[in-house]
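One structure is given below, encoded as structure tokens.
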Amino acid sequence: VQLQASGGGLVQPGGSLRLSCAASGNIFMINEMGWYRQAPGKQRELVASVTNGGSTNYADSVKGRFTLSRDNVKNTVYLQMNSLKPEDTAVYYCNAQNRWNGRDYWGKGTQVTVSS
């Protein structure tokens with residue numbers, strides 16, 4: 001499984017960004033996809049995830065601001081981030097999980113910086 005992430009960048013507080021992550025390869029092995037983030041000096045944390053069935057899970061810190069959607073035809077997930085805050089600044093990593101053994105697959109990180 002390969003994950004190709006895109007999006008990210010610099011945005012002012014209150015602004016919006018959209019991240020995309022396209023999966024390729026043995027995609028039939030994937031159950032859950034989503035995004036994690038890691039800020040400097042902090043551990044990587046879950047931002048949002050979605051299962052094949054469409055069930056979503058969000059970190060409390062992003063609920064009501066971020067929306068994760070999944071296009072099963074394109075094998076792509078989209079993270080729409082609105083009302084961004086400086087504390088959202090981090091490297092964001094796309095993630096997919098193997099449906100049988102729980103193995104994690106990771107895409108390259110993409111930097112999101114929220115600053116005026």
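FYI, nothing fancy with the structure tokens labels: chains A, B, ... in order, residues from 1 per chain, ligands from 1 as they appear.
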
* **Selection near range 75-85 of chain A, 9 Å with only C-alpha atoms, sequence-local residues under 4 positions removed, as an MDAnalysis selection string** => chainID A and resid 11:24 27 33:35 48 50 62 64:71 89 94 114:115

Keeping only N, CA, C and O atoms, write the selected residues to a file as a short mmCIF file (atom, residue, chain, number, x, y, z; two decimals), in the first residue's frame.
data_model
loop_
_atom_site.label_atom_id
_atom_site.label_comp_id
_atom_site.auth_asym_id
_atom_site.auth_seq_id
_atom_site.Cartn_x
_atom_site.Cartn_y
_atom_site.Cartn_z
N VAL A 11 -1.21 29.21 6.34
CA VAL A 11 -2.51 29.87 6.34
C VAL A 11 -2.63 30.72 7.61
O VAL A 11 -2.01 30.40 8.64
N GLN A 12 -3.40 31.78 7.52
CA GLN A 12 -3.63 32.63 8.69
C GLN A 12 -4.65 31.99 9.63
O GLN A 12 -5.48 31.19 9.19
N PRO A 13 -4.59 32.36 10.89
CA PRO A 13 -5.62 31.85 11.82
C PRO A 13 -7.02 32.17 11.31
O PRO A 13 -7.27 33.27 10.79
N GLY A 14 -7.89 31.18 11.44
CA GLY A 14 -9.25 31.31 10.93
C GLY A 14 -9.41 30.86 9.50
O GLY A 14 -10.54 30.76 9.01
N GLY A 15 -8.31 30.57 8.85
CA GLY A 15 -8.36 30.15 7.45
C GLY A 15 -8.65 28.67 7.30
O GLY A 15 -8.89 27.95 8.28
N SER A 16 -8.60 28.23 6.04
CA SER A 16 -8.93 26.84 5.71
C SER A 16 -7.86 26.22 4.81
O SER A 16 -7.20 26.93 4.04
N LEU A 17 -7.74 24.93 4.93
CA LEU A 17 -6.88 24.14 4.05
C LEU A 17 -7.54 22.79 3.83
O LEU A 17 -8.33 22.34 4.67
N ARG A 18 -7.18 22.14 2.73
CA ARG A 18 -7.66 20.79 2.49
C ARG A 18 -6.48 19.89 2.19
O ARG A 18 -5.65 20.19 1.32
N LEU A 19 -6.42 18.77 2.89
CA LEU A 19 -5.42 17.76 2.64
C LEU A 19 -6.08 16.59 1.90
O LEU A 19 -7.23 16.24 2.18
N SER A 20 -5.32 16.00 1.00
CA SER A 20 -5.79 14.82 0.27
C SER A 20 -4.79 13.70 0.43
O SER A 20 -3.58 13.94 0.56
N CYS A 21 -5.28 12.48 0.43
CA CYS A 21 -4.41 11.32 0.52
C CYS A 21 -4.98 10.22 -0.36
O CYS A 21 -6.08 9.74 -0.12
N ALA A 22 -4.21 9.86 -1.38
CA ALA A 22 -4.64 8.83 -2.32
C ALA A 22 -3.88 7.54 -2.04
O ALA A 22 -2.65 7.55 -1.93
N ALA A 23 -4.61 6.44 -1.95
CA ALA A 23 -4.01 5.14 -1.71
C ALA A 23 -3.89 4.37 -3.02
O ALA A 23 -4.76 4.46 -3.89
N SER A 24 -2.80 3.62 -3.14
CA SER A 24 -2.61 2.78 -4.32
C SER A 24 -1.95 1.48 -3.86
O SER A 24 -1.51 1.35 -2.72
N ILE A 27 -4.96 -2.01 -2.22
CA ILE A 27 -5.93 -1.23 -1.46
C ILE A 27 -7.00 -2.08 -0.83
O ILE A 27 -7.66 -1.66 0.12
N MET A 33 -8.69 4.60 7.11
CA MET A 33 -7.75 5.63 6.64
C MET A 33 -7.98 6.89 7.45
O MET A 33 -9.08 7.13 7.97
N GLY A 34 -6.95 7.69 7.51
CA GLY A 34 -7.12 8.95 8.24
C GLY A 34 -5.85 9.77 8.27
O GLY A 34 -4.93 9.55 7.46
N TRP A 35 -5.84 10.72 9.17
CA TRP A 35 -4.71 11.64 9.32
C TRP A 35 -4.27 11.71 10.78
O TRP A 35 -5.11 11.74 11.69
N ALA A 48 -8.10 12.49 12.65
CA ALA A 48 -9.40 11.96 12.23
C ALA A 48 -9.18 10.68 11.44
O ALA A 48 -8.15 10.53 10.78
N VAL A 50 -11.50 7.35 9.23
CA VAL A 50 -12.76 6.88 8.68
C VAL A 50 -12.59 5.44 8.23
O VAL A 50 -11.57 5.08 7.64
N VAL A 62 -10.40 18.95 17.25
CA VAL A 62 -10.75 19.36 15.88
C VAL A 62 -12.23 19.19 15.57
O VAL A 62 -12.68 19.58 14.49
N GLY A 64 -15.93 19.72 14.93
CA GLY A 64 -16.65 20.92 14.55
C GLY A 64 -15.87 21.83 13.62
O GLY A 64 -16.43 22.76 13.05
N ARG A 65 -14.59 21.58 13.44
CA ARG A 65 -13.75 22.40 12.55
C ARG A 65 -13.22 21.61 11.37
O ARG A 65 -13.08 22.15 10.27
N PHE A 66 -12.89 20.36 11.60
CA PHE A 66 -12.33 19.51 10.55
C PHE A 66 -13.37 18.50 10.11
O PHE A 66 -14.16 18.00 10.91
N THR A 67 -13.34 18.19 8.82
CA THR A 67 -14.22 17.17 8.27
C THR A 67 -13.43 16.21 7.40
O THR A 67 -12.72 16.65 6.48
N LEU A 68 -13.56 14.94 7.71
CA LEU A 68 -12.87 13.91 6.94
C LEU A 68 -13.89 13.21 6.06
O LEU A 68 -14.95 12.80 6.53
N SER A 69 -13.56 13.08 4.78
CA SER A 69 -14.43 12.37 3.87
C SER A 69 -13.62 11.36 3.08
O SER A 69 -12.39 11.49 2.96
N ARG A 70 -14.32 10.39 2.53
CA ARG A 70 -13.63 9.30 1.83
C ARG A 70 -14.32 9.01 0.52
O ARG A 70 -15.55 8.88 0.47
N ASP A 71 -13.55 8.94 -0.53
CA ASP A 71 -14.03 8.57 -1.86
C ASP A 71 -13.50 7.18 -2.15
O ASP A 71 -12.33 7.02 -2.49
N THR A 89 -0.82 23.83 13.96
CA THR A 89 0.45 23.75 13.26
C THR A 89 1.15 22.44 13.58
O THR A 89 1.36 22.12 14.76
N CYS A 94 -0.70 11.07 6.50
CA CYS A 94 -1.79 10.19 6.09
C CYS A 94 -1.51 8.78 6.61
O CYS A 94 -0.36 8.33 6.62
N VAL A 114 -0.07 27.45 10.75
CA VAL A 114 -1.11 28.44 10.96
C VAL A 114 -0.48 29.60 11.72
O VAL A 114 -0.14 29.49 12.89
N SER A 115 -0.34 30.70 11.02
CA SER A 115 0.37 31.84 11.60
C SER A 115 -0.03 33.11 10.89
O SER A 115 -0.31 33.11 9.68
#

Under the rule of at most 12 Å, produce a per-residue listing of range 30-67 of chain A near range 104-112 of chain A: chain, number, name, the closest pair of atoms, and the distance in Å, as a Markdown table, using only C-alpha atoms.
| residue | atom | partner | partner_atom | distance |
| --- | --- | --- | --- | --- |
| A:Ile30 | CA | A:Tyr105 | CA | 9.3 |
| A:Asn31 | CA | A:Asp104 | CA | 10.6 |
| A:Glu32 | CA | A:Asp104 | CA | 9.6 |
| A:Met33 | CA | A:Tyr105 | CA | 9.3 |
| A:Gly34 | CA | A:Trp106 | CA | 9.9 |
| A:Trp35 | CA | A:Trp106 | CA | 9.4 |
| A:Tyr36 | CA | A:Gly109 | CA | 9.3 |
| A:Arg37 | CA | A:Gly109 | CA | 8.4 |
| A:Gln38 | CA | A:Gly109 | CA | 9.2 |
| A:Ala39 | CA | A:Gln111 | CA | 9.7 |
| A:Pro40 | CA | A:Gln111 | CA | 11.3 |
| A:Arg44 | CA | A:Gly109 | CA | 11.3 |

Can you spit out the residues from that selection as a JSON list (two decimals), in the first residue's frame, using all heavy atoms?
[["chain", "number", "residue", "atom", "x", "y", "z"],
["A", 30, "ILE", "N", -6.91, -2.44, 2.92],
["A", 30, "ILE", "CA", -7.14, -1.31, 3.80],
["A", 30, "ILE", "C", -8.54, -1.34, 4.40],
["A", 30, "ILE", "O", -9.52, -1.59, 3.69],
["A", 30, "ILE", "CB", -6.96, 0.02, 3.06],
["A", 30, "ILE", "CG1", -5.53, 0.16, 2.58],
["A", 30, "ILE", "CG2", -7.35, 1.20, 3.94],
["A", 30, "ILE", "CD1", -5.33, 1.37, 1.67],
["A", 31, "ASN", "N", -8.62, -1.06, 5.67],
["A", 31, "ASN", "CA", -9.90, -0.82, 6.30],
["A", 31, "ASN", "C", -10.03, 0.65, 6.63],
["A", 31, "ASN", "O", -10.79, 1.38, 6.02],
["A", 31, "ASN", "CB", -10.07, -1.66, 7.58],
["A", 31, "ASN", "CG", -11.37, -1.32, 8.31],
["A", 31, "ASN", "OD1", -12.33, -0.88, 7.69],
["A", 31, "ASN", "ND2", -11.39, -1.51, 9.59],
["A", 32, "GLU", "N", -9.23, 1.10, 7.53],
["A", 32, "GLU", "CA", -9.37, 2.46, 8.03],
["A", 32, "GLU", "C", -8.30, 3.37, 7.43],
["A", 32, "GLU", "O", -7.15, 2.96, 7.24],
["A", 32, "GLU", "CB", -9.24, 2.43, 9.55],
["A", 32, "GLU", "CG", -9.67, 3.68, 10.26],
["A", 32, "GLU", "CD", -9.83, 3.45, 11.76],
["A", 32, "GLU", "OE1", -10.53, 2.50, 12.14],
["A", 32, "GLU", "OE2", -9.23, 4.22, 12.54],
["A", 33, "MET", "N", -8.69, 4.60, 7.11],
["A", 33, "MET", "CA", -7.75, 5.63, 6.64],
["A", 33, "MET", "C", -7.98, 6.89, 7.45],
["A", 33, "MET", "O", -9.08, 7.13, 7.97],
["A", 33, "MET", "CB", -7.94, 5.92, 5.16],
["A", 33, "MET", "CG", -7.53, 4.80, 4.23],
["A", 33, "MET", "SD", -7.64, 5.29, 2.49],
["A", 33, "MET", "CE", -6.30, 6.50, 2.38],
["A", 34, "GLY", "N", -6.95, 7.69, 7.51],
["A", 34, "GLY", "CA", -7.12, 8.95, 8.24],
["A", 34, "GLY", "C", -5.85, 9.77, 8.27],
["A", 34, "GLY", "O", -4.93, 9.55, 7.46],
["A", 35, "TRP", "N", -5.84, 10.72, 9.17],
["A", 35, "TRP", "CA", -4.71, 11.64, 9.32],
["A", 35, "TRP", "C", -4.27, 11.71, 10.78],
["A", 35, "TRP", "O", -5.11, 11.74, 11.69],
["A", 35, "TRP", "CB", -5.12, 13.04, 8.86],
["A", 35, "TRP", "CG", -5.30, 13.15, 7.39],
["A", 35, "TRP", "CD1", -6.44, 12.94, 6.67],
["A", 35, "TRP", "CD2", -4.28, 13.46, 6.43],
["A", 35, "TRP", "NE1", -6.20, 13.12, 5.34],
["A", 35, "TRP", "CE2", -4.89, 13.45, 5.16],
["A", 35, "TRP", "CE3", -2.93, 13.77, 6.53],
["A", 35, "TRP", "CZ2", -4.18, 13.72, 4.00],
["A", 35, "TRP", "CZ3", -2.23, 14.05, 5.37],
["A", 35, "TRP", "CH2", -2.85, 14.03, 4.12],
["A", 36, "TYR", "N", -2.96, 11.75, 10.93],
["A", 36, "TYR", "CA", -2.34, 12.02, 12.22],
["A", 36, "TYR", "C", -1.53, 13.30, 12.06],
["A", 36, "TYR", "O", -1.26, 13.74, 10.94],
["A", 36, "TYR", "CB", -1.41, 10.87, 12.62],
["A", 36, "TYR", "CG", -2.12, 9.64, 13.13],
["A", 36, "TYR", "CD1", -2.88, 8.84, 12.27],
["A", 36, "TYR", "CD2", -2.02, 9.25, 14.46],
["A", 36, "TYR", "CE1", -3.52, 7.70, 12.73],
["A", 36, "TYR", "CE2", -2.65, 8.11, 14.93],
["A", 36, "TYR", "CZ", -3.40, 7.33, 14.06],
["A", 36, "TYR", "OH", -4.04, 6.21, 14.51],
["A", 37, "ARG", "N", -1.13, 13.87, 13.18],
["A", 37, "ARG", "CA", -0.25, 15.03, 13.12],
["A", 37, "ARG", "C", 0.75, 14.98, 14.26],
["A", 37, "ARG", "O", 0.51, 14.37, 15.29],
["A", 37, "ARG", "CB", -1.06, 16.33, 13.17],
["A", 37, "ARG", "CG", -1.77, 16.59, 14.49],
["A", 37, "ARG", "CD", -2.64, 17.83, 14.38],
["A", 37, "ARG", "NE", -3.34, 18.12, 15.64],
["A", 37, "ARG", "CZ", -4.26, 19.07, 15.77],
["A", 37, "ARG", "NH1", -4.60, 19.83, 14.73],
["A", 37, "ARG", "NH2", -4.83, 19.28, 16.94],
["A", 38, "GLN", "N", 1.86, 15.65, 14.00],
["A", 38, "GLN", "CA", 2.91, 15.72, 15.02],
["A", 38, "GLN", "C", 3.48, 17.12, 15.04],
["A", 38, "GLN", "O", 4.06, 17.59, 14.05],
["A", 38, "GLN", "CB", 4.01, 14.70, 14.74],
["A", 38, "GLN", "CG", 5.04, 14.59, 15.85],
["A", 38, "GLN", "CD", 5.93, 13.38, 15.72],
["A", 38, "GLN", "OE1", 6.03, 12.78, 14.64],
["A", 38, "GLN", "NE2", 6.57, 12.99, 16.81],
["A", 39, "ALA", "N", 3.30, 17.77, 16.17],
["A", 39, "ALA", "CA", 3.86, 19.11, 16.38],
["A", 39, "ALA", "C", 5.25, 18.97, 17.00],
["A", 39, "ALA", "O", 5.56, 17.95, 17.62],
["A", 39, "ALA", "CB", 2.95, 19.92, 17.29],
["A", 40, "PRO", "N", 6.09, 19.98, 16.86],
["A", 40, "PRO", "CA", 7.44, 19.92, 17.43],
["A", 40, "PRO", "C", 7.41, 19.62, 18.92],
["A", 40, "PRO", "O", 6.67, 20.25, 19.67],
["A", 40, "PRO", "CB", 8.00, 21.31, 17.16],
["A", 40, "PRO", "CG", 7.26, 21.78, 15.96],
["A", 40, "PRO", "CD", 5.88, 21.22, 16.10],
["A", 44, "ARG", "N", 3.01, 12.03, 18.03],
["A", 44, "ARG", "CA", 2.06, 11.97, 16.93],
["A", 44, "ARG", "C", 0.68, 11.62, 17.50],
["A", 44, "ARG", "O", 0.56, 10.74, 18.36],
["A", 44, "ARG", "CB", 2.50, 10.91, 15.92],
["A", 44, "ARG", "CG", 1.74, 10.95, 14.61],
["A", 44, "ARG", "CD", 2.34, 10.00, 13.60],
["A", 44, "ARG", "NE", 3.70, 10.38, 13.23],
["A", 44, "ARG", "CZ", 4.37, 9.80, 12.21],
["A", 44, "ARG", "NH1", 3.79, 8.84, 11.50],
["A", 44, "ARG", "NH2", 5.60, 10.19, 11.94]]

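Separating CA of Arg99 in chain A from CA of Met29 in chain A is a distance of 5.7 Å.
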